[in-house]
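Read through the structure below, which is laid out as structure tokens, and then see the notes.
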Amino acid sequence: MSIAERTGRRSVCASEIPLLSSPEYREAVQRVLRRVLILNLAVVVGKLLIGWRAHSLSLMSDAAHSSVDAMNNIIGLTVIRYATAAPDAGHPYGHRKIESLAAFVLGGVLLATCVEIVSRAIHRVRDPSLIRIRVEWSTIAVLIATILINLFVFTYERRKGRELRSPFLLADSLHTWSDILVSGSLLIGLLFIWWKLPILDPLLALAISAAIAASGWQIFARTVPILIDAAPVSAERIEAIVRAVPGVERVREVRSRSDGERIFLELTLVLTPEDVRTAHAITEQIEKKLREGLGPCHVVIHVEPS
């Protein structure tokens with residue numbers, strides 16, 4: 001009889017869970033970030049050049065918005081190395097939350113960028129003499145090209161983020177999507193500015209800041225529950241899955257948390273069988289049912305007799 005059986009506890013072996021600390025996962029995420037970084041740098045340089053030439057705060061703000069994508073890729077290339085490190089004595093559950101923490105920091109950077117843009121835009125609205133916009137055909141063409149690049153980056157990064165179950169890639173793709181919306185609205189605004197409505201430039205900058213703030217909020221909504229160990233699934237749902245297994249009399253002390261990909265569950269079972277072997281078989285069925293209903297999860301079960 002194993003120690004797990006004698007103590008009434010059962011844990012899943014490492015081979016039963018797809019480990020995110022594998023070199024394959026790390027290399028896959030880094031490969032995505034390297035490719036996206038090159039495209040994001042091209043977008044930033046393009047927007048900076050046309051923004052500087054046009055003396056447009058809205059274009060420069062959009063470039064700042066896009067630069068966060070490139071900065072995020074650089075941070076991600078470093079962070080993912082530590083986030084995918086194997087569990088050790090000091091971190092028995094692994095280092096996965098480092099990735100969510102990095103995404104959280106990105107949200108803070110977005111909000112700080114938003115505050116700076118709002119400050120400059122309000123200053124220009126109060127003093128319209130500061131607005132000297134020069135829009136040319138090249139300005140429009142470069143902006144359209146950056147939108148197309150961002151559309152490709154968003155589609156590619158979101159698809160890879162879902163395949164790899166990477167909160168960092170998904171958070172970054174959200175920011176890229178907001179960049180697309182901002183650039184699209186800016187393109188329309190530049191056409192109006194071209195038609196002698198320069199006051200739209202700081203007003204568009206304010207609209208861009210709102211989009212940036214929304215991106216930051218979405219990232220916070222995704223990462224904060226993970227960082228504070230909020231329950232990813234209700235205790236009632238877990239109990240319903242477990243009680244459907246024959247031999248389970250009661251379920252108590254259900255707890256759950258997530259590291260961004262896997263769910264960690266702890267629960268206490270009251271079972272009717274008298275022999276340990278049958279109780280062990282029941283816990284095996286419960287773990288199978290939980291994975292079928294909730295996805296990848298690490299389960300610790302304490303068994304008590306009826």
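The way I read the labels, and the way they are meant: chains A, B, ... in the order of the structure tokens, residue 1 as the first residue of every chain, and ligand 1 as the first ligand shown, with later ones counted on from there.
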
*Using only C-alpha atoms, which residues sit within 7 Å of segment 210-223 of chain A once same-chain residues fewer than 2 positions away are excluded, as a PyMOL selection string?*
chain A and resi 100+103-104+107-108+110-111+114+171+174-175+178+182+206-208+225-227

Next, dump the selected residues to file, keeping only N, CA and C atoms, as a compact mmCIF listing (two decimals), in the first residue's frame.
```
# COMPACT_ATOMS: atom_id res chain seq x y z
N SER A 100 1.64 36.05 -15.31
CA SER A 100 0.48 36.89 -15.02
C SER A 100 0.91 38.20 -14.36
N ALA A 103 2.07 40.52 -17.05
CA ALA A 103 0.92 41.07 -17.76
C ALA A 103 0.26 42.17 -16.93
N PHE A 104 0.21 41.97 -15.61
CA PHE A 104 -0.36 42.98 -14.71
C PHE A 104 0.46 44.27 -14.78
N GLY A 107 -0.40 46.25 -17.76
CA GLY A 107 -1.61 47.03 -17.56
C GLY A 107 -1.33 48.34 -16.86
N GLY A 108 -0.42 48.32 -15.87
CA GLY A 108 -0.05 49.55 -15.18
C GLY A 108 0.66 50.53 -16.11
N LEU A 110 0.20 50.76 -19.31
CA LEU A 110 -0.83 51.32 -20.18
C LEU A 110 -1.56 52.48 -19.51
N LEU A 111 -1.92 52.31 -18.25
CA LEU A 111 -2.64 53.37 -17.55
C LEU A 111 -1.76 54.60 -17.35
N CYS A 114 -1.71 56.43 -20.53
CA CYS A 114 -3.00 57.09 -20.70
C CYS A 114 -3.01 58.45 -19.99
N ALA A 171 -2.85 38.62 -23.29
CA ALA A 171 -2.89 40.01 -22.84
C ALA A 171 -2.27 40.92 -23.88
N LEU A 174 -4.59 41.46 -26.81
CA LEU A 174 -5.65 42.42 -26.48
C LEU A 174 -5.17 43.85 -26.71
N HIS A 175 -3.94 44.11 -26.31
CA HIS A 175 -3.41 45.45 -26.52
C HIS A 175 -3.25 45.75 -28.00
N SER A 178 -6.60 46.74 -29.39
CA SER A 178 -6.93 48.13 -29.07
C SER A 178 -6.13 49.07 -29.96
N VAL A 182 -7.70 51.98 -32.30
CA VAL A 182 -7.22 53.36 -32.17
C VAL A 182 -6.72 53.88 -33.52
N LEU A 206 -7.45 62.17 -26.84
CA LEU A 206 -8.26 61.82 -25.66
C LEU A 206 -9.00 60.50 -25.89
N ALA A 207 -9.52 60.32 -27.11
CA ALA A 207 -10.20 59.06 -27.43
C ALA A 207 -9.22 57.89 -27.38
N ILE A 208 -8.00 58.11 -27.85
CA ILE A 208 -6.98 57.07 -27.81
C ILE A 208 -6.67 56.69 -26.37
N PRO A 225 -7.45 38.16 -10.63
CA PRO A 225 -7.98 36.96 -9.97
C PRO A 225 -6.95 35.84 -9.82
N ILE A 226 -6.04 35.72 -10.78
CA ILE A 226 -4.99 34.70 -10.69
C ILE A 226 -4.00 35.05 -9.59
N LEU A 227 -3.61 36.32 -9.53
CA LEU A 227 -2.59 36.74 -8.58
C LEU A 227 -3.08 36.70 -7.13
```

*Mind checking which residues fall within 12 Å of Ile188 of chain A, counting only C-alpha atoms, ignoring those fewer than 2 positions away in the same chain, and posting them as a list in words?*
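Answer for this query is Ser58, Ile140, Leu143, Ile144, Leu181, Val182, Ser183, Gly184, Ser185, Leu186, Leu190, Leu191, Phe192, Ile193, Trp194, Trp195, Leu200, Asp201 and Leu204 of chain A.
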
N, CA and C atoms of the current selection, written as a PDB file, in the first residue's frame:
```pdb
ATOM      1  N   SER A  58      -1.950  63.213 -31.763  1.00  0.00           N
ATOM      2  CA  SER A  58      -2.697  61.951 -31.834  1.00  0.00           C
ATOM      3  C   SER A  58      -1.846  60.852 -32.460  1.00  0.00           C
ATOM      4  N   ILE A 140      -1.183  59.073 -44.570  1.00  0.00           N
ATOM      5  CA  ILE A 140      -2.317  58.144 -44.650  1.00  0.00           C
ATOM      6  C   ILE A 140      -1.847  56.748 -45.055  1.00  0.00           C
ATOM      7  N   LEU A 143      -0.004  54.922 -42.220  1.00  0.00           N
ATOM      8  CA  LEU A 143      -0.935  54.535 -41.163  1.00  0.00           C
ATOM      9  C   LEU A 143      -1.745  53.307 -41.575  1.00  0.00           C
ATOM     10  N   ILE A 144      -2.176  53.258 -42.830  1.00  0.00           N
ATOM     11  CA  ILE A 144      -2.914  52.084 -43.322  1.00  0.00           C
ATOM     12  C   ILE A 144      -2.020  50.838 -43.260  1.00  0.00           C
ATOM     13  N   LEU A 181      -7.999  49.374 -33.234  1.00  0.00           N
ATOM     14  CA  LEU A 181      -9.171  50.252 -33.118  1.00  0.00           C
ATOM     15  C   LEU A 181      -8.750  51.716 -33.069  1.00  0.00           C
ATOM     16  N   VAL A 182      -7.702  51.981 -32.299  1.00  0.00           N
ATOM     17  CA  VAL A 182      -7.216  53.356 -32.172  1.00  0.00           C
ATOM     18  C   VAL A 182      -6.724  53.878 -33.516  1.00  0.00           C
ATOM     19  N   SER A 183      -5.916  53.074 -34.204  1.00  0.00           N
ATOM     20  CA  SER A 183      -5.366  53.510 -35.492  1.00  0.00           C
ATOM     21  C   SER A 183      -6.466  53.695 -36.535  1.00  0.00           C
ATOM     22  N   GLY A 184      -7.492  52.828 -36.476  1.00  0.00           N
ATOM     23  CA  GLY A 184      -8.607  52.973 -37.413  1.00  0.00           C
ATOM     24  C   GLY A 184      -9.363  54.271 -37.203  1.00  0.00           C
ATOM     25  N   SER A 185      -9.656  54.578 -35.938  1.00  0.00           N
ATOM     26  CA  SER A 185     -10.349  55.839 -35.653  1.00  0.00           C
ATOM     27  C   SER A 185      -9.451  57.033 -35.976  1.00  0.00           C
ATOM     28  N   LEU A 186      -8.151  56.869 -35.745  1.00  0.00           N
ATOM     29  CA  LEU A 186      -7.213  57.942 -36.056  1.00  0.00           C
ATOM     30  C   LEU A 186      -7.142  58.201 -37.560  1.00  0.00           C
ATOM     31  N   LEU A 190      -7.752  61.758 -39.173  1.00  0.00           N
ATOM     32  CA  LEU A 190      -6.764  62.478 -39.967  1.00  0.00           C
ATOM     33  C   LEU A 190      -7.364  63.028 -41.258  1.00  0.00           C
ATOM     34  N   LEU A 191      -8.325  62.302 -41.789  1.00  0.00           N
ATOM     35  CA  LEU A 191      -8.993  62.798 -42.992  1.00  0.00           C
ATOM     36  C   LEU A 191      -9.748  64.096 -42.684  1.00  0.00           C
ATOM     37  N   PHE A 192     -10.390  64.156 -41.511  1.00  0.00           N
ATOM     38  CA  PHE A 192     -11.083  65.381 -41.118  1.00  0.00           C
ATOM     39  C   PHE A 192     -10.079  66.500 -40.827  1.00  0.00           C
ATOM     40  N   ILE A 193      -8.949  66.118 -40.214  1.00  0.00           N
ATOM     41  CA  ILE A 193      -7.916  67.121 -39.943  1.00  0.00           C
ATOM     42  C   ILE A 193      -7.385  67.680 -41.262  1.00  0.00           C
ATOM     43  N   TRP A 194      -7.254  66.814 -42.246  1.00  0.00           N
ATOM     44  CA  TRP A 194      -6.813  67.235 -43.580  1.00  0.00           C
ATOM     45  C   TRP A 194      -7.777  68.265 -44.165  1.00  0.00           C
ATOM     46  N   TRP A 195      -9.054  68.129 -43.751  1.00  0.00           N
ATOM     47  CA  TRP A 195     -10.078  69.053 -44.233  1.00  0.00           C
ATOM     48  C   TRP A 195     -10.237  70.245 -43.286  1.00  0.00           C
ATOM     49  N   LEU A 200      -9.422  68.492 -33.953  1.00  0.00           N
ATOM     50  CA  LEU A 200      -9.702  67.065 -33.766  1.00  0.00           C
ATOM     51  C   LEU A 200      -8.481  66.294 -33.269  1.00  0.00           C
ATOM     52  N   ASP A 201      -7.279  66.836 -33.496  1.00  0.00           N
ATOM     53  CA  ASP A 201      -6.064  66.109 -33.111  1.00  0.00           C
ATOM     54  C   ASP A 201      -6.009  65.837 -31.606  1.00  0.00           C
ATOM     55  N   LEU A 204      -8.864  63.486 -30.610  1.00  0.00           N
ATOM     56  CA  LEU A 204      -8.580  62.093 -30.945  1.00  0.00           C
ATOM     57  C   LEU A 204      -7.594  61.491 -29.953  1.00  0.00           C
TER      58      LEU A 204
END
```

Per residue of segment 130-249 of chain A within 12 Å of segment 78-89 of chain A, which atom pair is closest and at what distance in Å (one decimal), using only C-alpha atoms, listed by chain and increasing number, as CSV?
```
residue,atom,partner,partner_atom,distance
A:Ser166,CA,A:Ile80,CA,9.8
A:Pro167,CA,A:Ile80,CA,10.9
A:Phe168,CA,A:Ile80,CA,8.7
A:Leu169,CA,A:Ile80,CA,10.4
```

Written selection (C-alpha atoms) as a PDB file, in the first residue's frame:
```
ATOM      1  CA  SER A 166      -0.408  31.728 -22.410  1.00  0.00           C
ATOM      2  CA  PRO A 167      -1.962  34.647 -20.446  1.00  0.00           C
ATOM      3  CA  PHE A 168       0.947  36.846 -21.479  1.00  0.00           C
ATOM      4  CA  LEU A 169       0.368  36.312 -25.213  1.00  0.00           C
TER       5      LEU A 169
END
```

*Using atom CA of Val43 of chain A and atom CA of Glu24 of chain A as the two end points, give the distance in Å to one decimal.*
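Separation of atom CA of Val43 of chain A and atom CA of Glu24 of chain A: 29.0 Å.
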
*Expressed in Å to a single decimal, how great is the separation between atom CA of Arg26 of chain A and atom CA of Ala102 of chain A?*
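Taking atom CA of Arg26 of chain A as the start and atom CA of Ala102 of chain A as the end point, the length is 15.4 Å.
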
*Enter the distance from atom CA of Gly295 of chain A to atom CA of Asn73 of chain A, in Å, rounded to one decimal.*
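Atom CA of Asn73 of chain A lies 28.1 Å from atom CA of Gly295 of chain A.
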
*Which residue out of A:Thr278, A:Lys288, A:Val45, A:Arg165 has the minimum interatomic distance to Arg96 of chain A when only C-alpha atoms are used?*
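Looking at the shortest contact to Arg96 of chain A, the residue is A:Arg165.
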
*Which of segment 72-177 of chain A counts as alpha helix (DSSP H) under DSSP, as number ranges by chain please?*
A: 72-83, 97-126, 137-164, 167-177

*For His280 of chain A, which residue out of A:Arg237, A:Val248, A:Ile263, A:Ala141 is the nearest one, using only C-alpha atoms?*
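Of A:Arg237, A:Val248, A:Ile263, A:Ala141, the one nearest His280 of chain A is A:Val248, counting only C-alpha atoms.
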
List as a PDB file with N, CA and C atoms, in the first residue's frame the protein and nucleic acid residues near Arg257 of chain A, meaning an atom at most 9 Å away when only C-alpha atoms are counted, but skip any in the same chain fewer than 6 places from it.
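Saved file around33.pdb follows:
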```
ATOM      1  N   ILE A 226      -6.039  35.719 -10.780  1.00  0.00           N
ATOM      2  CA  ILE A 226      -4.994  34.697 -10.686  1.00  0.00           C
ATOM      3  C   ILE A 226      -4.004  35.047  -9.594  1.00  0.00           C
ATOM      4  N   ASP A 229      -5.357  34.503  -6.044  1.00  0.00           N
ATOM      5  CA  ASP A 229      -5.877  33.151  -5.800  1.00  0.00           C
ATOM      6  C   ASP A 229      -7.398  33.110  -5.701  1.00  0.00           C
ATOM      7  N   ALA A 230      -8.080  33.868  -6.570  1.00  0.00           N
ATOM      8  CA  ALA A 230      -9.536  33.771  -6.624  1.00  0.00           C
ATOM      9  C   ALA A 230      -9.934  32.404  -7.172  1.00  0.00           C
ATOM     10  N   ALA A 231     -11.056  31.886  -6.712  1.00  0.00           N
ATOM     11  CA  ALA A 231     -11.524  30.569  -7.166  1.00  0.00           C
ATOM     12  C   ALA A 231     -11.892  30.639  -8.647  1.00  0.00           C
ATOM     13  N   PRO A 232     -11.261  29.844  -9.509  1.00  0.00           N
ATOM     14  CA  PRO A 232     -11.569  29.878 -10.937  1.00  0.00           C
ATOM     15  C   PRO A 232     -12.863  29.174 -11.289  1.00  0.00           C
ATOM     16  N   VAL A 233     -13.366  28.346 -10.377  1.00  0.00           N
ATOM     17  CA  VAL A 233     -14.613  27.615 -10.614  1.00  0.00           C
ATOM     18  C   VAL A 233     -15.339  27.497  -9.276  1.00  0.00           C
ATOM     19  N   ILE A 263      -5.781  24.324 -13.026  1.00  0.00           N
ATOM     20  CA  ILE A 263      -6.578  24.546 -11.824  1.00  0.00           C
ATOM     21  C   ILE A 263      -6.049  23.609 -10.742  1.00  0.00           C
ATOM     22  N   PHE A 264      -5.855  24.151  -9.540  1.00  0.00           N
ATOM     23  CA  PHE A 264      -5.436  23.346  -8.397  1.00  0.00           C
ATOM     24  C   PHE A 264      -6.624  23.191  -7.456  1.00  0.00           C
ATOM     25  N   LEU A 265      -6.987  21.931  -7.167  1.00  0.00           N
ATOM     26  CA  LEU A 265      -8.166  21.632  -6.352  1.00  0.00           C
ATOM     27  C   LEU A 265      -7.774  20.890  -5.081  1.00  0.00           C
TER      28      LEU A 265
END
```

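Residue nearest Asp62 of chain A within the list A:Gly46, A:Pro23, A:Gly247, A:Pro92: A:Gly46 [criterion: smallest interatomic distance, only C-alpha atoms].
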